[in-house]
Amino acid sequence: MTVATSAARTAPTGDIAETYARDGFVFPIDVMSAAEAGAVRADLEAGEAELASTPDRLGLLRSYPDRLLPSFDAIVRHPVLLAAAESILGPDLMVWSGGLFIKEANTPHIVSWHQDLTYWGLDDAEEVTAWVALSPSTLESGCMRFVPGSHRQNLVPHNDTFAEDNLLSRGQEIAVEVDEAEAADIVLQPGQASLHHGHLFHSSGPNRTSNRRVGAAIRYIKPSMRQNNGAKSLVALVQGEDRFGHFRIAEPPAARLTETDFALCAADADIKRGLLYDGVDADQGKRY
């Protein structure tokens, strides 16, 4: 299955790089039609059904959809997203991860105020996250909220809560006061995306609707980045070239949910656990 690109897919008018530099985010970006987004979601949900009896593999699917499903690999390589990421990072692009954030219907799960790069163990901030909506992401379903300009503060202290209803790996939350009155609501329809900086303050509320909220967080990085501990985590080289060799480059999935790709993802999940849970008990975490 592939994502069609024949219809017009344009980024917002104006200069993406300029808006991103000022605010730390850009939205909405029209990536695919609602029907195309629905087809990708259906492919994911078929995979979830197939793996329902194997929780470990189901977890890998939700953390590595782009490494296990050709439909998601096509999204991380979508020309609209690549053009947007290139305007910020330049022509050489890798995907550090492309995990899912799913809020089931009528559930209390939230994402607390945080900065993405706090626990990723990367040596720089040459990263941009494209968050692609596969279902309506509205105030009622728990859309993301961004504090404009907060990316200029660099990293601030965070507290680990490991709260049951928090979807983040450590339930991490910013340890400084956030003025929620300044926050922008990032409402997206299926097939639309937002971009945000790894230092941007952001959060999201619970899903109070009867439809699960499904989004893919695609983390684009420059190949010059590296893990601070020297680990070669698994990435996809989606545009340009890698002149550095700091990561292990995965080939696109040859087929759907293959044994080879599950093995690759399982090995990388061990690396990611070491990065995300450095200094704490990884068994408390929710991702990888």
# chains A, B, ... in the order shown; residues from 1 in each chain; ligands from 1
>>> closest_atom_pairs(of="stretch 123-217 of chain A", to="stretch 18-38 of chain A", cutoff="6 Å", atoms="only C-alpha atoms", output="Markdown table")
| residue | atom | partner | partner_atom | distance |
| --- | --- | --- | --- | --- |
| A:Leu134 | CA | A:Ala37 | CA | 5.2 |
| A:Pro148 | CA | A:Asp23 | CA | 4.6 |
| A:Gly149 | CA | A:Asp23 | CA | 4.5 |
| A:His151 | CA | A:Gly24 | CA | 5.6 |
| A:Pro190 | CA | A:Ala34 | CA | 5.0 |
| A:Gly191 | CA | A:Met32 | CA | 4.7 |
| A:Gln192 | CA | A:Asp30 | CA | 4.6 |
| A:Ala193 | CA | A:Ile29 | CA | 5.0 |
| A:Ser194 | CA | A:Phe27 | CA | 4.5 |
| A:Leu195 | CA | A:Val26 | CA | 5.2 |
| A:His196 | CA | A:Phe25 | CA | 4.2 |
| A:His197 | CA | A:Gly24 | CA | 5.3 |
>>> select_by_dssp(residues="stretch 47-150 of chain A", states="helix (DSSP H, G or I)", output="MDAnalysis selection string")
chainID A and resid 47:50 55:63 65:68 70:76 79:89 116:118 150
>>> residues_around(residues="A:Ala105", least_positions_apart="6", cutoff="8 Å", atoms="only C-alpha atoms", output="list in words")
Asn207, Arg208, Thr209, Ser210, Asn211, Arg212 and Arg213 of chain A
>>> write_last_selection(atoms="C-alpha atoms", output="PDB file, in the first residue's frame")
ATOM      1  CA  ASN A 207     -10.104  12.548  24.291  1.00  0.00           C
ATOM      2  CA  ARG A 208     -13.744  13.206  25.108  1.00  0.00           C
ATOM      3  CA  THR A 209     -15.084  11.965  21.769  1.00  0.00           C
ATOM      4  CA  SER A 210     -16.332   8.582  20.572  1.00  0.00           C
ATOM      5  CA  ASN A 211     -13.523   8.336  17.969  1.00  0.00           C
ATOM      6  CA  ARG A 212      -9.952   7.338  18.854  1.00  0.00           C
ATOM      7  CA  ARG A 213      -7.434  10.107  18.205  1.00  0.00           C
TER       8      ARG A 213
END
>>> closest_residue(among="A:Ile174, A:Ile186, A:Ala49, A:Met225", to="A:Phe201", atoms="only C-alpha atoms")
A:Ile174
>>> closest_residue(among="A:Pro136, A:Arg77, A:Ser112, A:Phe247", to="A:Phe162", atoms="only C-alpha atoms")
A:Ser112
>>> closest_residue(among="A:Pro55, A:Pro91, A:Gly99, A:Gly245", to="A:Asp73", atoms="only C-alpha atoms")
A:Gly99
>>> closest_residue(among="A:Arg226, A:Gln172, A:Asp123, A:Leu44", to="A:Asp242", atoms="only C-alpha atoms")
A:Arg226
>>> atom_distance(atom1="atom CA of A:Glu241", atom2="atom CA of A:Pro223")
8.0 Å
>>> atom_distance(atom1="atom CA of A:Ser203", atom2="atom CA of A:Lys232")
29.1 Å
>>> closest_residue(among="A:Asp179, A:Glu251, A:Asp124, A:Asp185", to="A:Asn228", atoms="only C-alpha atoms")
A:Asp124
>>> select_by_dssp(residues="stretch 121-235 of chain A", states="strand (DSSP E or B)", output="PyMOL selection string")
chain A and resi 122+127-133+137+144-146+158-159+166+173-174+184-186+188+192-197+202-204+207+213-221+227+234-235
>>> residues_around(residues="A:Phe146", least_positions_apart="4", cutoff="6 Å", atoms="only C-alpha atoms", output="ChimeraX atom specification")
/A:183-184,201-202
>>> write_last_selection(atoms="C-alpha atoms", output="tab-separated table (two decimals), in the first residue's frame")
chain	number	residue	atom	x	y	z
A	183	ALA	CA	-1.02	28.40	24.24
A	184	ALA	CA	-2.27	27.85	20.68
A	201	PHE	CA	6.58	23.66	25.22
A	202	HIS	CA	3.60	21.50	24.25
>>> closest_residue(among="A:Leu69, A:Leu264, A:Met94, A:Val156", to="A:Gly240", atoms="only C-alpha atoms")
A:Met94
>>> decode(residues="stretch 145-278 of chain A", atoms="C-alpha atoms", output="PDB file, in the first residue's frame")
ATOM      1  CA  ARG A 145      -1.257  22.834  22.404  1.00  0.00           C
ATOM      2  CA  PHE A 146       1.904  24.861  21.731  1.00  0.00           C
ATOM      3  CA  VAL A 147       3.341  27.889  23.547  1.00  0.00           C
ATOM      4  CA  PRO A 148       4.607  30.202  20.763  1.00  0.00           C
ATOM      5  CA  GLY A 149       8.255  31.161  21.071  1.00  0.00           C
ATOM      6  CA  SER A 150       8.997  28.770  23.948  1.00  0.00           C
ATOM      7  CA  HIS A 151      11.520  26.889  21.784  1.00  0.00           C
ATOM      8  CA  ARG A 152      13.974  29.754  22.350  1.00  0.00           C
ATOM      9  CA  GLN A 153      14.353  28.823  26.040  1.00  0.00           C
ATOM     10  CA  ASN A 154      16.397  25.710  25.247  1.00  0.00           C
ATOM     11  CA  LEU A 155      15.827  22.796  27.642  1.00  0.00           C
ATOM     12  CA  VAL A 156      14.319  23.498  31.067  1.00  0.00           C
ATOM     13  CA  PRO A 157      14.116  21.136  34.073  1.00  0.00           C
ATOM     14  CA  HIS A 158      11.509  18.354  33.970  1.00  0.00           C
ATOM     15  CA  ASN A 159      10.004  16.124  36.641  1.00  0.00           C
ATOM     16  CA  ASP A 160       9.221  12.433  36.064  1.00  0.00           C
ATOM     17  CA  THR A 161       5.729  11.469  37.250  1.00  0.00           C
ATOM     18  CA  PHE A 162       5.160   8.082  35.559  1.00  0.00           C
ATOM     19  CA  ALA A 163       1.478   9.023  35.887  1.00  0.00           C
ATOM     20  CA  GLU A 164      -0.897   6.321  34.664  1.00  0.00           C
ATOM     21  CA  ASP A 165      -2.862   8.627  32.360  1.00  0.00           C
ATOM     22  CA  ASN A 166       0.218  10.321  30.853  1.00  0.00           C
ATOM     23  CA  LEU A 167       1.210   8.986  27.408  1.00  0.00           C
ATOM     24  CA  LEU A 168       4.829  10.169  27.661  1.00  0.00           C
ATOM     25  CA  SER A 169       7.616   7.665  28.299  1.00  0.00           C
ATOM     26  CA  ARG A 170       8.334   8.894  31.848  1.00  0.00           C
ATOM     27  CA  GLY A 171       5.219  10.988  32.404  1.00  0.00           C
ATOM     28  CA  GLN A 172       7.642  13.880  32.264  1.00  0.00           C
ATOM     29  CA  GLU A 173       6.439  17.416  32.802  1.00  0.00           C
ATOM     30  CA  ILE A 174       8.087  20.802  32.765  1.00  0.00           C
ATOM     31  CA  ALA A 175       9.197  21.914  36.243  1.00  0.00           C
ATOM     32  CA  VAL A 176       8.651  25.600  35.515  1.00  0.00           C
ATOM     33  CA  GLU A 177       5.342  27.438  35.304  1.00  0.00           C
ATOM     34  CA  VAL A 178       3.612  27.419  31.912  1.00  0.00           C
ATOM     35  CA  ASP A 179       1.120  30.175  31.106  1.00  0.00           C
ATOM     36  CA  GLU A 180      -1.606  28.149  29.401  1.00  0.00           C
ATOM     37  CA  ALA A 181      -3.383  31.343  28.353  1.00  0.00           C
ATOM     38  CA  GLU A 182      -0.598  31.841  25.810  1.00  0.00           C
ATOM     39  CA  ALA A 183      -1.021  28.405  24.236  1.00  0.00           C
ATOM     40  CA  ALA A 184      -2.270  27.847  20.682  1.00  0.00           C
ATOM     41  CA  ASP A 185      -4.649  24.962  19.947  1.00  0.00           C
ATOM     42  CA  ILE A 186      -3.294  22.880  17.048  1.00  0.00           C
ATOM     43  CA  VAL A 187      -6.489  21.665  15.423  1.00  0.00           C
ATOM     44  CA  LEU A 188      -5.841  19.266  12.542  1.00  0.00           C
ATOM     45  CA  GLN A 189      -8.105  17.313  10.235  1.00  0.00           C
ATOM     46  CA  PRO A 190      -7.171  13.844   8.925  1.00  0.00           C
ATOM     47  CA  GLY A 191      -4.328  14.200   6.420  1.00  0.00           C
ATOM     48  CA  GLN A 192      -3.034  17.475   7.882  1.00  0.00           C
ATOM     49  CA  ALA A 193       0.199  17.927   9.811  1.00  0.00           C
ATOM     50  CA  SER A 194       1.967  20.351  12.086  1.00  0.00           C
ATOM     51  CA  LEU A 195       5.693  20.941  12.562  1.00  0.00           C
ATOM     52  CA  HIS A 196       7.268  21.733  15.915  1.00  0.00           C
ATOM     53  CA  HIS A 197      10.706  22.305  17.417  1.00  0.00           C
ATOM     54  CA  GLY A 198      12.157  19.842  19.933  1.00  0.00           C
ATOM     55  CA  HIS A 199      12.425  22.583  22.576  1.00  0.00           C
ATOM     56  CA  LEU A 200       8.855  23.853  22.163  1.00  0.00           C
ATOM     57  CA  PHE A 201       6.581  23.659  25.224  1.00  0.00           C
ATOM     58  CA  HIS A 202       3.598  21.495  24.250  1.00  0.00           C
ATOM     59  CA  SER A 203       0.896  19.308  25.744  1.00  0.00           C
ATOM     60  CA  SER A 204      -2.499  17.793  24.955  1.00  0.00           C
ATOM     61  CA  GLY A 205      -5.677  16.996  26.860  1.00  0.00           C
ATOM     62  CA  PRO A 206      -7.967  13.954  27.095  1.00  0.00           C
ATOM     63  CA  ASN A 207     -10.104  12.548  24.291  1.00  0.00           C
ATOM     64  CA  ARG A 208     -13.744  13.206  25.108  1.00  0.00           C
ATOM     65  CA  THR A 209     -15.084  11.965  21.769  1.00  0.00           C
ATOM     66  CA  SER A 210     -16.332   8.582  20.572  1.00  0.00           C
ATOM     67  CA  ASN A 211     -13.523   8.336  17.969  1.00  0.00           C
ATOM     68  CA  ARG A 212      -9.952   7.338  18.854  1.00  0.00           C
ATOM     69  CA  ARG A 213      -7.434  10.107  18.205  1.00  0.00           C
ATOM     70  CA  VAL A 214      -4.555   8.779  16.098  1.00  0.00           C
ATOM     71  CA  GLY A 215      -1.443  10.723  15.143  1.00  0.00           C
ATOM     72  CA  ALA A 216       2.058   9.857  13.937  1.00  0.00           C
ATOM     73  CA  ALA A 217       4.980  11.855  15.330  1.00  0.00           C
ATOM     74  CA  ILE A 218       7.740  11.811  12.689  1.00  0.00           C
ATOM     75  CA  ARG A 219      11.058  13.076  14.067  1.00  0.00           C
ATOM     76  CA  TYR A 220      13.302  14.372  11.266  1.00  0.00           C
ATOM     77  CA  ILE A 221      16.963  14.995  12.101  1.00  0.00           C
ATOM     78  CA  LYS A 222      20.143  16.018  10.325  1.00  0.00           C
ATOM     79  CA  PRO A 223      22.586  13.130   9.756  1.00  0.00           C
ATOM     80  CA  SER A 224      25.218  15.140  11.648  1.00  0.00           C
ATOM     81  CA  MET A 225      23.334  14.475  14.882  1.00  0.00           C
ATOM     82  CA  ARG A 226      24.479  11.618  17.115  1.00  0.00           C
ATOM     83  CA  GLN A 227      23.472   9.849  20.316  1.00  0.00           C
ATOM     84  CA  ASN A 228      25.414  11.165  23.307  1.00  0.00           C
ATOM     85  CA  ASN A 229      26.223   7.639  24.477  1.00  0.00           C
ATOM     86  CA  GLY A 230      27.550   6.567  21.066  1.00  0.00           C
ATOM     87  CA  ALA A 231      24.694   4.132  20.384  1.00  0.00           C
ATOM     88  CA  LYS A 232      23.734   3.627  16.737  1.00  0.00           C
ATOM     89  CA  SER A 233      19.966   3.826  16.927  1.00  0.00           C
ATOM     90  CA  LEU A 234      17.868   2.790  13.936  1.00  0.00           C
ATOM     91  CA  VAL A 235      16.925   5.535  11.471  1.00  0.00           C
ATOM     92  CA  ALA A 236      15.545   5.880   7.960  1.00  0.00           C
ATOM     93  CA  LEU A 237      17.511   7.968   5.476  1.00  0.00           C
ATOM     94  CA  VAL A 238      14.616   9.615   3.627  1.00  0.00           C
ATOM     95  CA  GLN A 239      16.404  12.279   1.568  1.00  0.00           C
ATOM     96  CA  GLY A 240      19.945  13.183   0.587  1.00  0.00           C
ATOM     97  CA  GLU A 241      22.945  11.357   1.993  1.00  0.00           C
ATOM     98  CA  ASP A 242      24.609  10.363   5.240  1.00  0.00           C
ATOM     99  CA  ARG A 243      28.231  11.545   5.425  1.00  0.00           C
ATOM    100  CA  PHE A 244      28.679  10.734   9.102  1.00  0.00           C
ATOM    101  CA  GLY A 245      27.674   7.142   9.924  1.00  0.00           C
ATOM    102  CA  HIS A 246      26.338   7.979  13.388  1.00  0.00           C
ATOM    103  CA  PHE A 247      23.228   5.796  13.050  1.00  0.00           C
ATOM    104  CA  ARG A 248      22.129   2.427  11.718  1.00  0.00           C
ATOM    105  CA  ILE A 249      20.146   2.996   8.535  1.00  0.00           C
ATOM    106  CA  ALA A 250      17.120   0.775   7.965  1.00  0.00           C
ATOM    107  CA  GLU A 251      15.912  -0.112   4.502  1.00  0.00           C
ATOM    108  CA  PRO A 252      12.236   0.539   3.735  1.00  0.00           C
ATOM    109  CA  PRO A 253      10.028  -2.372   4.833  1.00  0.00           C
ATOM    110  CA  ALA A 254       9.980  -4.938   2.033  1.00  0.00           C
ATOM    111  CA  ALA A 255       6.505  -6.066   3.023  1.00  0.00           C
ATOM    112  CA  ARG A 256       3.997  -5.750   5.805  1.00  0.00           C
ATOM    113  CA  LEU A 257       4.898  -6.888   9.373  1.00  0.00           C
ATOM    114  CA  THR A 258       7.889  -9.047   8.426  1.00  0.00           C
ATOM    115  CA  GLU A 259       9.947 -11.130  10.849  1.00  0.00           C
ATOM    116  CA  THR A 260      13.117  -9.322   9.753  1.00  0.00           C
ATOM    117  CA  ASP A 261      11.671  -5.895  10.496  1.00  0.00           C
ATOM    118  CA  PHE A 262      10.286  -6.988  13.876  1.00  0.00           C
ATOM    119  CA  ALA A 263      13.765  -8.199  14.818  1.00  0.00           C
ATOM    120  CA  LEU A 264      15.326  -4.874  13.787  1.00  0.00           C
ATOM    121  CA  CYS A 265      12.732  -2.912  15.756  1.00  0.00           C
ATOM    122  CA  ALA A 266      13.080  -5.104  18.844  1.00  0.00           C
ATOM    123  CA  ALA A 267      16.853  -4.550  18.868  1.00  0.00           C
ATOM    124  CA  ASP A 268      16.394  -0.807  18.484  1.00  0.00           C
ATOM    125  CA  ALA A 269      13.757  -0.754  21.223  1.00  0.00           C
ATOM    126  CA  ASP A 270      16.453  -1.955  23.631  1.00  0.00           C
ATOM    127  CA  ILE A 271      18.619   0.994  22.569  1.00  0.00           C
ATOM    128  CA  LYS A 272      15.734   3.453  22.874  1.00  0.00           C
ATOM    129  CA  ARG A 273      14.889   2.198  26.374  1.00  0.00           C
ATOM    130  CA  GLY A 274      18.469   2.887  27.392  1.00  0.00           C
ATOM    131  CA  LEU A 275      18.180   6.440  26.070  1.00  0.00           C
ATOM    132  CA  LEU A 276      14.700   7.352  27.273  1.00  0.00           C
ATOM    133  CA  TYR A 277      14.976   5.804  30.738  1.00  0.00           C
ATOM    134  CA  ASP A 278      18.546   6.736  31.553  1.00  0.00           C
TER     135      ASP A 278
END
